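The data block below is input-v6.cif; it holds mmCIF, C-alpha atoms; chains and numbers go by the auth columns.
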data_query
#
loop_
_atom_site.group_PDB
_atom_site.id
_atom_site.type_symbol
_atom_site.label_atom_id
_atom_site.label_comp_id
_atom_site.label_asym_id
_atom_site.label_seq_id
_atom_site.Cartn_x
_atom_site.Cartn_y
_atom_site.Cartn_z
_atom_site.B_iso_or_equiv
_atom_site.auth_seq_id
_atom_site.auth_asym_id
ATOM 1 C CA MET A 1 -9.629 33.161 -32.498 0.00 152 A
ATOM 2 C CA ARG A 2 -12.542 30.755 -32.343 0.00 153 A
ATOM 3 C CA LYS A 3 -10.136 27.794 -32.350 0.00 154 A
ATOM 4 C CA CYS A 4 -8.204 29.261 -29.376 0.00 155 A
ATOM 5 C CA ALA A 5 -11.431 29.730 -27.385 0.00 156 A
ATOM 6 C CA PHE A 6 -12.468 26.148 -28.121 0.00 157 A
ATOM 7 C CA THR A 7 -9.025 24.844 -27.103 0.00 158 A
ATOM 8 C CA ALA A 8 -9.095 26.875 -23.880 0.00 159 A
ATOM 9 C CA ALA A 9 -12.593 25.590 -23.041 0.00 160 A
ATOM 10 C CA LEU A 10 -11.505 22.017 -23.776 0.00 161 A
ATOM 11 C CA ILE A 11 -8.434 22.318 -21.545 0.00 162 A
ATOM 12 C CA ALA A 12 -10.494 23.888 -18.732 0.00 163 A
ATOM 13 C CA GLY A 13 -13.054 21.072 -19.011 0.00 164 A
ATOM 14 C CA LEU A 14 -10.359 18.403 -18.927 0.00 165 A
ATOM 15 C CA LEU A 15 -8.720 20.002 -15.896 0.00 166 A
ATOM 16 C CA LEU A 16 -12.057 20.161 -14.117 0.00 167 A
ATOM 17 C CA MET A 17 -12.744 16.490 -14.856 0.00 168 A
ATOM 18 C CA ALA A 18 -9.236 15.542 -13.723 0.00 169 A
ATOM 19 C CA GLY A 19 -10.150 16.815 -10.238 0.00 170 A
ATOM 20 C CA CYS A 20 -13.089 14.406 -10.103 0.00 171 A
ATOM 21 C CA GLY A 21 -12.853 10.714 -9.494 0.00 172 A
ATOM 22 C CA PRO A 22 -10.277 8.679 -7.642 0.00 173 A
ATOM 23 C CA LYS A 23 -7.050 10.303 -6.516 0.00 174 A
ATOM 24 C CA ALA A 24 -3.556 8.872 -6.526 0.00 175 A
ATOM 25 C CA ILE A 25 -1.872 8.114 -3.206 0.00 176 A
ATOM 26 C CA THR A 26 1.267 10.224 -3.440 0.00 177 A
ATOM 27 C CA VAL A 27 4.189 11.125 -1.206 0.00 178 A
ATOM 28 C CA GLY A 28 3.043 13.911 1.097 0.00 179 A
ATOM 29 C CA SER A 29 -0.625 12.907 0.991 0.00 180 A
ATOM 30 C CA ARG A 30 -2.601 11.716 4.003 0.00 181 A
ATOM 31 C CA PRO A 31 -4.883 9.067 2.444 0.00 182 A
ATOM 32 C CA PHE A 32 -6.527 7.728 5.581 0.00 183 A
ATOM 33 C CA PRO A 33 -9.169 8.215 6.846 0.00 184 A
ATOM 34 C CA ALA A 34 -10.931 8.066 3.490 0.00 185 A
ATOM 35 C CA ALA A 35 -14.245 9.735 2.688 0.00 186 A
ATOM 36 C CA ARG A 36 -16.050 6.371 2.860 0.00 187 A
ATOM 37 C CA PRO A 37 -15.363 2.882 4.245 0.00 188 A
ATOM 38 C CA ILE A 38 -12.778 1.276 1.956 0.00 189 A
ATOM 39 C CA PHE A 39 -11.531 -1.690 4.030 0.00 190 A
ATOM 40 C CA SER A 40 -12.994 -4.582 5.931 0.00 191 A
ATOM 41 C CA ASP A 41 -11.214 -6.404 8.740 0.00 192 A
ATOM 42 C CA ALA A 42 -11.211 -10.138 9.512 0.00 193 A
ATOM 43 C CA SER A 43 -14.554 -9.822 11.348 0.00 194 A
ATOM 44 C CA GLY A 44 -16.191 -8.116 8.345 0.00 195 A
ATOM 45 C CA LYS A 45 -16.347 -4.691 10.012 0.00 196 A
ATOM 46 C CA THR A 46 -15.927 -1.887 7.454 0.00 197 A
ATOM 47 C CA LEU A 47 -13.321 0.811 8.096 0.00 198 A
ATOM 48 C CA ASP A 48 -12.462 4.159 6.542 0.00 199 A
ATOM 49 C CA ALA A 49 -9.005 4.247 8.123 0.00 200 A
ATOM 50 C CA LEU A 50 -6.188 2.057 9.307 0.00 201 A
ATOM 51 C CA PRO A 51 -6.245 1.019 12.964 0.00 202 A
ATOM 52 C CA ALA A 52 -4.798 3.656 15.291 0.00 203 A
ATOM 53 C CA ALA A 53 -1.041 4.179 15.240 0.00 204 A
ATOM 54 C CA ASP A 54 0.718 2.189 17.928 0.00 205 A
ATOM 55 C CA GLY A 55 4.185 3.738 17.871 0.00 206 A
ATOM 56 C CA THR A 56 5.555 1.304 15.301 0.00 207 A
ATOM 57 C CA ILE A 57 6.985 2.198 11.918 0.00 208 A
ATOM 58 C CA ARG A 58 4.024 1.662 9.619 0.00 209 A
ATOM 59 C CA LEU A 59 4.120 0.226 6.118 0.00 210 A
ATOM 60 C CA VAL A 60 1.023 -0.136 3.946 0.00 211 A
ATOM 61 C CA PHE A 61 1.325 -2.894 1.355 0.00 212 A
ATOM 62 C CA LEU A 62 -1.241 -3.065 -1.447 0.00 213 A
ATOM 63 C CA GLU A 63 -1.108 -6.722 -2.434 0.00 214 A
ATOM 64 C CA PHE A 64 -2.838 -8.237 -5.445 0.00 215 A
ATOM 65 C CA PRO A 65 -3.548 -11.938 -6.076 0.00 216 A
ATOM 66 C CA TRP A 66 -2.188 -11.786 -9.634 0.00 217 A
ATOM 67 C CA CYS A 67 1.065 -10.125 -8.574 0.00 218 A
ATOM 68 C CA PRO A 68 4.228 -12.272 -8.858 0.00 219 A
ATOM 69 C CA ALA A 69 6.427 -9.436 -7.549 0.00 220 A
ATOM 70 C CA CYS A 70 4.438 -9.271 -4.279 0.00 221 A
ATOM 71 C CA ALA A 71 6.419 -12.241 -2.914 0.00 222 A
ATOM 72 C CA ASP A 72 9.661 -10.337 -3.633 0.00 223 A
ATOM 73 C CA VAL A 73 8.349 -7.263 -1.804 0.00 224 A
ATOM 74 C CA TRP A 74 7.444 -9.428 1.224 0.00 225 A
ATOM 75 C CA LYS A 75 10.959 -10.858 1.200 0.00 226 A
ATOM 76 C CA ALA A 76 12.450 -7.335 1.029 0.00 227 A
ATOM 77 C CA VAL A 77 10.282 -6.179 3.962 0.00 228 A
ATOM 78 C CA ARG A 78 11.280 -9.220 6.069 0.00 229 A
ATOM 79 C CA ILE A 79 14.988 -8.722 5.283 0.00 230 A
ATOM 80 C CA ALA A 80 14.747 -5.001 6.083 0.00 231 A
ATOM 81 C CA ALA A 81 12.967 -5.537 9.409 0.00 232 A
ATOM 82 C CA LYS A 82 15.002 -8.541 10.589 0.00 233 A
ATOM 83 C CA PRO A 83 17.861 -6.612 12.297 0.00 234 A
ATOM 84 C CA PHE A 84 15.428 -4.562 14.393 0.00 235 A
ATOM 85 C CA PRO A 85 13.644 -5.610 17.593 0.00 236 A
ATOM 86 C CA GLN A 86 10.354 -7.402 17.124 0.00 237 A
ATOM 87 C CA GLY A 87 7.477 -4.937 17.059 0.00 238 A
ATOM 88 C CA THR A 88 9.482 -2.127 15.431 0.00 239 A
ATOM 89 C CA VAL A 89 7.613 -2.475 12.122 0.00 240 A
ATOM 90 C CA ARG A 90 3.899 -2.993 11.461 0.00 241 A
ATOM 91 C CA VAL A 91 2.688 -3.902 7.980 0.00 242 A
ATOM 92 C CA TYR A 92 -0.900 -3.136 7.020 0.00 243 A
ATOM 93 C CA ARG A 93 -1.501 -5.752 4.354 0.00 244 A
ATOM 94 C CA ILE A 94 -4.301 -4.580 2.057 0.00 245 A
ATOM 95 C CA LEU A 95 -5.643 -7.476 0.012 0.00 246 A
ATOM 96 C CA PHE A 96 -7.779 -7.048 -3.045 0.00 247 A
ATOM 97 C CA ASP A 97 -10.320 -9.858 -3.189 0.00 248 A
ATOM 98 C CA ARG A 98 -11.295 -9.250 -6.792 0.00 249 A
ATOM 99 C CA GLU A 99 -9.352 -9.483 -9.993 0.00 250 A
ATOM 100 C CA THR A 100 -10.274 -8.792 -13.569 0.00 251 A
ATOM 101 C CA ALA A 101 -10.782 -11.847 -15.750 0.00 252 A
ATOM 102 C CA LEU A 102 -10.995 -11.622 -19.507 0.00 253 A
ATOM 103 C CA SER A 103 -13.530 -13.938 -21.091 0.00 254 A
ATOM 104 C CA PRO A 104 -15.506 -14.123 -24.335 0.00 255 A
ATOM 105 C CA ALA A 105 -18.242 -12.197 -22.476 0.00 256 A
ATOM 106 C CA GLY A 106 -15.794 -9.348 -21.760 0.00 257 A
ATOM 107 C CA ARG A 107 -14.076 -8.162 -18.563 0.00 258 A
ATOM 108 C CA GLN A 108 -15.497 -9.373 -15.283 0.00 259 A
ATOM 109 C CA GLU A 109 -14.504 -8.963 -11.665 0.00 260 A
ATOM 110 C CA VAL A 110 -14.096 -12.376 -10.056 0.00 261 A
ATOM 111 C CA PRO A 111 -12.696 -13.746 -6.789 0.00 262 A
ATOM 112 C CA PRO A 112 -8.955 -14.468 -6.983 0.00 263 A
ATOM 113 C CA VAL A 113 -7.892 -17.689 -8.655 0.00 264 A
ATOM 114 C CA ARG A 114 -5.982 -18.577 -5.506 0.00 265 A
ATOM 115 C CA PRO A 115 -6.128 -16.881 -2.109 0.00 266 A
ATOM 116 C CA THR A 116 -2.955 -15.168 -1.002 0.00 267 A
ATOM 117 C CA PRO A 117 -1.471 -16.793 2.133 0.00 268 A
ATOM 118 C CA LEU A 118 0.696 -14.847 4.540 0.00 269 A
ATOM 119 C CA PRO A 119 4.308 -15.230 3.371 0.00 270 A
ATOM 120 C CA GLU A 120 6.424 -17.894 5.035 0.00 271 A
ATOM 121 C CA GLY A 121 8.420 -16.742 8.027 0.00 272 A
ATOM 122 C CA ASP A 122 5.822 -14.296 9.318 0.00 273 A
ATOM 123 C CA GLY A 123 3.954 -16.657 11.592 0.00 274 A
ATOM 124 C CA PRO A 124 3.284 -15.798 15.243 0.00 275 A
ATOM 125 C CA GLY A 125 6.004 -18.234 16.444 0.00 276 A
ATOM 126 C CA ASP A 126 8.721 -16.661 14.283 0.00 277 A
ATOM 127 C CA PRO A 127 11.006 -14.556 16.554 0.00 278 A
ATOM 128 C CA GLY A 128 11.744 -12.137 13.705 0.00 279 A
ATOM 129 C CA ALA A 129 8.065 -11.869 12.825 0.00 280 A
ATOM 130 C CA LEU A 130 6.605 -8.682 11.481 0.00 281 A
ATOM 131 C CA ASN A 131 3.458 -7.343 13.062 0.00 282 A
ATOM 132 C CA VAL A 132 0.972 -7.776 10.216 0.00 283 A
ATOM 133 C CA THR A 133 -2.577 -6.433 10.173 0.00 284 A
ATOM 134 C CA THR A 134 -4.505 -7.803 7.206 0.00 285 A
ATOM 135 C CA LEU A 135 -7.389 -5.797 5.776 0.00 286 A
ATOM 136 C CA THR A 136 -9.364 -6.375 2.591 0.00 287 A
ATOM 137 C CA ALA A 137 -10.052 -3.527 0.215 0.00 288 A
ATOM 138 C CA ILE A 138 -13.734 -3.132 -0.584 0.00 289 A
ATOM 139 C CA PRO A 139 -13.410 -3.391 -4.370 0.00 290 A
ATOM 140 C CA GLY A 140 -15.800 -0.719 -5.655 0.00 291 A
ATOM 141 C CA GLU A 141 -15.344 1.689 -2.762 0.00 292 A
ATOM 142 C CA PHE A 142 -11.539 1.561 -2.774 0.00 293 A
ATOM 143 C CA ARG A 143 -11.518 2.175 -6.532 0.00 294 A
ATOM 144 C CA LYS A 144 -13.885 5.153 -6.147 0.00 295 A
ATOM 145 C CA GLU A 145 -11.546 6.679 -3.552 0.00 296 A
ATOM 146 C CA PHE A 146 -8.054 5.842 -4.876 0.00 297 A
ATOM 147 C CA ARG A 147 -6.457 5.260 -8.245 0.00 298 A
ATOM 148 C CA VAL A 148 -4.022 2.338 -8.181 0.00 299 A
ATOM 149 C CA SER A 149 -2.927 1.206 -11.627 0.00 300 A
ATOM 150 C CA GLN A 150 0.129 -0.916 -10.816 0.00 301 A
ATOM 151 C CA GLY A 151 1.139 -3.371 -8.152 0.00 302 A
ATOM 152 C CA PRO A 152 2.691 -4.090 -5.817 0.00 303 A
ATOM 153 C CA VAL A 153 2.652 -0.761 -3.989 0.00 304 A
ATOM 154 C CA LEU A 154 4.309 -0.150 -0.622 0.00 305 A
ATOM 155 C CA PHE A 155 3.890 3.045 1.419 0.00 306 A
ATOM 156 C CA LEU A 156 5.869 4.184 4.449 0.00 307 A
ATOM 157 C CA LEU A 157 3.641 6.304 6.698 0.00 308 A
ATOM 158 C CA GLY A 158 4.883 8.953 9.085 0.00 309 A
ATOM 159 C CA ALA A 159 3.613 9.275 12.656 0.00 310 A
ATOM 160 C CA GLU A 160 0.718 11.488 11.527 0.00 311 A
ATOM 161 C CA GLY A 161 -0.290 9.131 8.697 0.00 312 A
ATOM 162 C CA LYS A 162 1.347 11.090 5.887 0.00 313 A
ATOM 163 C CA VAL A 163 2.933 9.051 3.070 0.00 314 A
ATOM 164 C CA GLU A 164 6.681 9.654 3.413 0.00 315 A
ATOM 165 C CA ARG A 165 7.946 7.113 0.859 0.00 316 A
ATOM 166 C CA ARG A 166 6.333 5.092 -1.909 0.00 317 A
ATOM 167 C CA TRP A 167 7.634 2.104 -3.812 0.00 318 A
ATOM 168 C CA ILE A 168 5.867 0.785 -6.901 0.00 319 A
ATOM 169 C CA GLY A 169 6.977 -2.649 -8.022 0.00 320 A
ATOM 170 C CA TYR A 170 10.048 -4.400 -6.693 0.00 321 A
ATOM 171 C CA SER A 171 13.727 -3.512 -6.972 0.00 322 A
ATOM 172 C CA THR A 172 16.832 -5.330 -5.758 0.00 323 A
ATOM 173 C CA GLY A 173 17.767 -2.405 -3.494 0.00 324 A
ATOM 174 C CA MET A 174 14.365 -2.274 -1.797 0.00 325 A
ATOM 175 C CA SER A 175 15.371 -4.069 1.420 0.00 326 A
ATOM 176 C CA ARG A 176 18.401 -1.792 1.861 0.00 327 A
ATOM 177 C CA GLU A 177 16.261 1.331 1.305 0.00 328 A
ATOM 178 C CA LEU A 178 13.592 0.079 3.713 0.00 329 A
ATOM 179 C CA SER A 179 16.171 -0.793 6.379 0.00 330 A
ATOM 180 C CA SER A 180 17.624 2.704 6.114 0.00 331 A
ATOM 181 C CA GLU A 181 14.160 4.277 6.426 0.00 332 A
ATOM 182 C CA ILE A 182 13.313 2.097 9.446 0.00 333 A
ATOM 183 C CA ARG A 183 16.573 3.051 11.151 0.00 334 A
ATOM 184 C CA LYS A 184 15.980 6.786 10.526 0.00 335 A
ATOM 185 C CA ARG A 185 12.457 6.683 11.956 0.00 336 A
ATOM 186 C CA SER A 186 12.932 4.445 14.952 0.00 337 A
ATOM 187 C CA PRO A 187 13.386 6.602 18.052 0.00 338 A
ATOM 188 C CA VAL A 188 15.289 3.829 19.797 0.00 339 A
ATOM 189 C CA LEU A 189 17.538 2.977 16.877 0.00 340 A
ATOM 190 C CA SER A 190 18.172 6.312 15.171 0.00 341 A
ATOM 191 C CA SER A 191 20.449 7.559 17.951 0.00 342 A
ATOM 192 C CA ARG A 192 22.577 4.387 17.963 0.00 343 A
ATOM 193 C CA PRO A 193 25.743 4.365 15.852 0.00 344 A
ATOM 194 C CA PRO A 194 25.712 2.053 12.817 0.00 345 A
ATOM 195 C CA GLY A 195 26.630 -1.558 13.565 0.00 346 A
ATOM 196 C CA THR A 196 25.491 -1.560 17.211 0.00 347 A
#
Write-out of the structure in structure tokens:
Amino acid sequence: MRKCAFTAALIAGLLLMAGCGPKAITVGSRPFPAARPIFSDASGKTLDALPAADGTIRLVFLEFPWCPACADVWKAVRIAAKPFPQGTVRVYRILFDRETALSPAGRQEVPPVRPTPLPEGDGPGDPGALNVTTLTAIPGEFRKEFRVSQGPVLFLLGAEGKVERRWIGYSTGMSRELSSEIRKRSPVLSSRPPGT
């Protein structure tokens, strides 16, 4: 009997601790605004939320400097958005300006080995350009708020900011899935028959 009481107390304690700390960003959750500022914009201003919705289909891309698959995700997003009118899709590019380096002194957070440039083809003069808003995650604050253990991560947000789809990593069918999701959510395009 004593062993059962100990086990029950241990399980209750673990469940209580599981509710503390950073939370995962899951489908159905509304992660932004956060409880504290977790981003900074190009001017250095700290933000607890993404900029206001502007009627576009919104993707949030968590991009890491050490992430080889991030280039493949960018390519999938560009391919998916290409058939649609410019301005249909906005990507909130969340950069992480710290990475963990292993050294004889142990783990340390350091600036990225190489900064991550905007992928080719997404410049302002490109007629098929995506609308990209780049924000930088505030390392400690973002980690206190959200648990992200793998990258790349791509979220599709609904009009109210709820996560409607989530992709972790890259897959060969990603651009097709994204294109389908964009078509379903675009008020202009969803009523048009396929191929028009």
Evaluate the PyMOL selection byres ((chain A and resi 311-328) around 8) and report residues as a ChimeraX atom specification: /A:176-183,220-221,223-224,227-228,230-231,301-310,329-332
Ref. answer, residues at most 7 Å from (-6.4, 2.7, 7.7) with only C-alpha atoms, as a list in words: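 Those residues, ordered by chain and then number, are Phe183, Pro184, Asp199, Ala200, Leu201 and Pro202 of chain A.
Going from atom CA of A:Ala193 to atom CA of A:Phe247 covers 13.4 Å.
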Pairwise distance for atom CA of A:Leu246 and atom CA of A:Leu286, rounded to one decimal in Å: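 So the two atoms, atom CA of A:Leu246 and atom CA of A:Leu286, lie 6.3 Å apart.
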12 Å contact set for A:Glu292, all atoms listed in the file, chain neighbours under 5 positions out, as a PyMOL selection string: chain A and resi 172-173+185-191+197-199+247+287+297-298
A:Lys295, A:Arg209, A:Arg336, A:Lys196 ranked by distance to A:Arg244, top pick (using all atoms listed in the file):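 Under the stated criterion, the closest residue is A:Arg209.
Between atom CA of A:Leu210 and atom CA of A:Gly238 lies a distance of 12.6 Å.
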A:Thr207, A:Gly195, A:Val242, A:Phe235 ranked by distance to A:Leu281, top pick (using only C-alpha atoms): A:Val242
The centre and edge lengths of an axis-aligned box containing all atoms of stretch 218-222 of chain A present in the file, extended by 8 Å on each side, are to be given in Å to one decimal, as JSON.
{"center_x": 3.7, "center_y": -10.8, "center_z": -5.9, "size_x": 21.4, "size_y": 19.0, "size_z": 21.9}
Counting only C-alpha atoms, the option among A:Leu213, A:Ile333, A:Ala288, A:Ile208 closest to A:Asp192: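 Between A:Leu213, A:Ile333, A:Ala288, A:Ile208, the residue approaching A:Asp192 most closely is A:Ala288.
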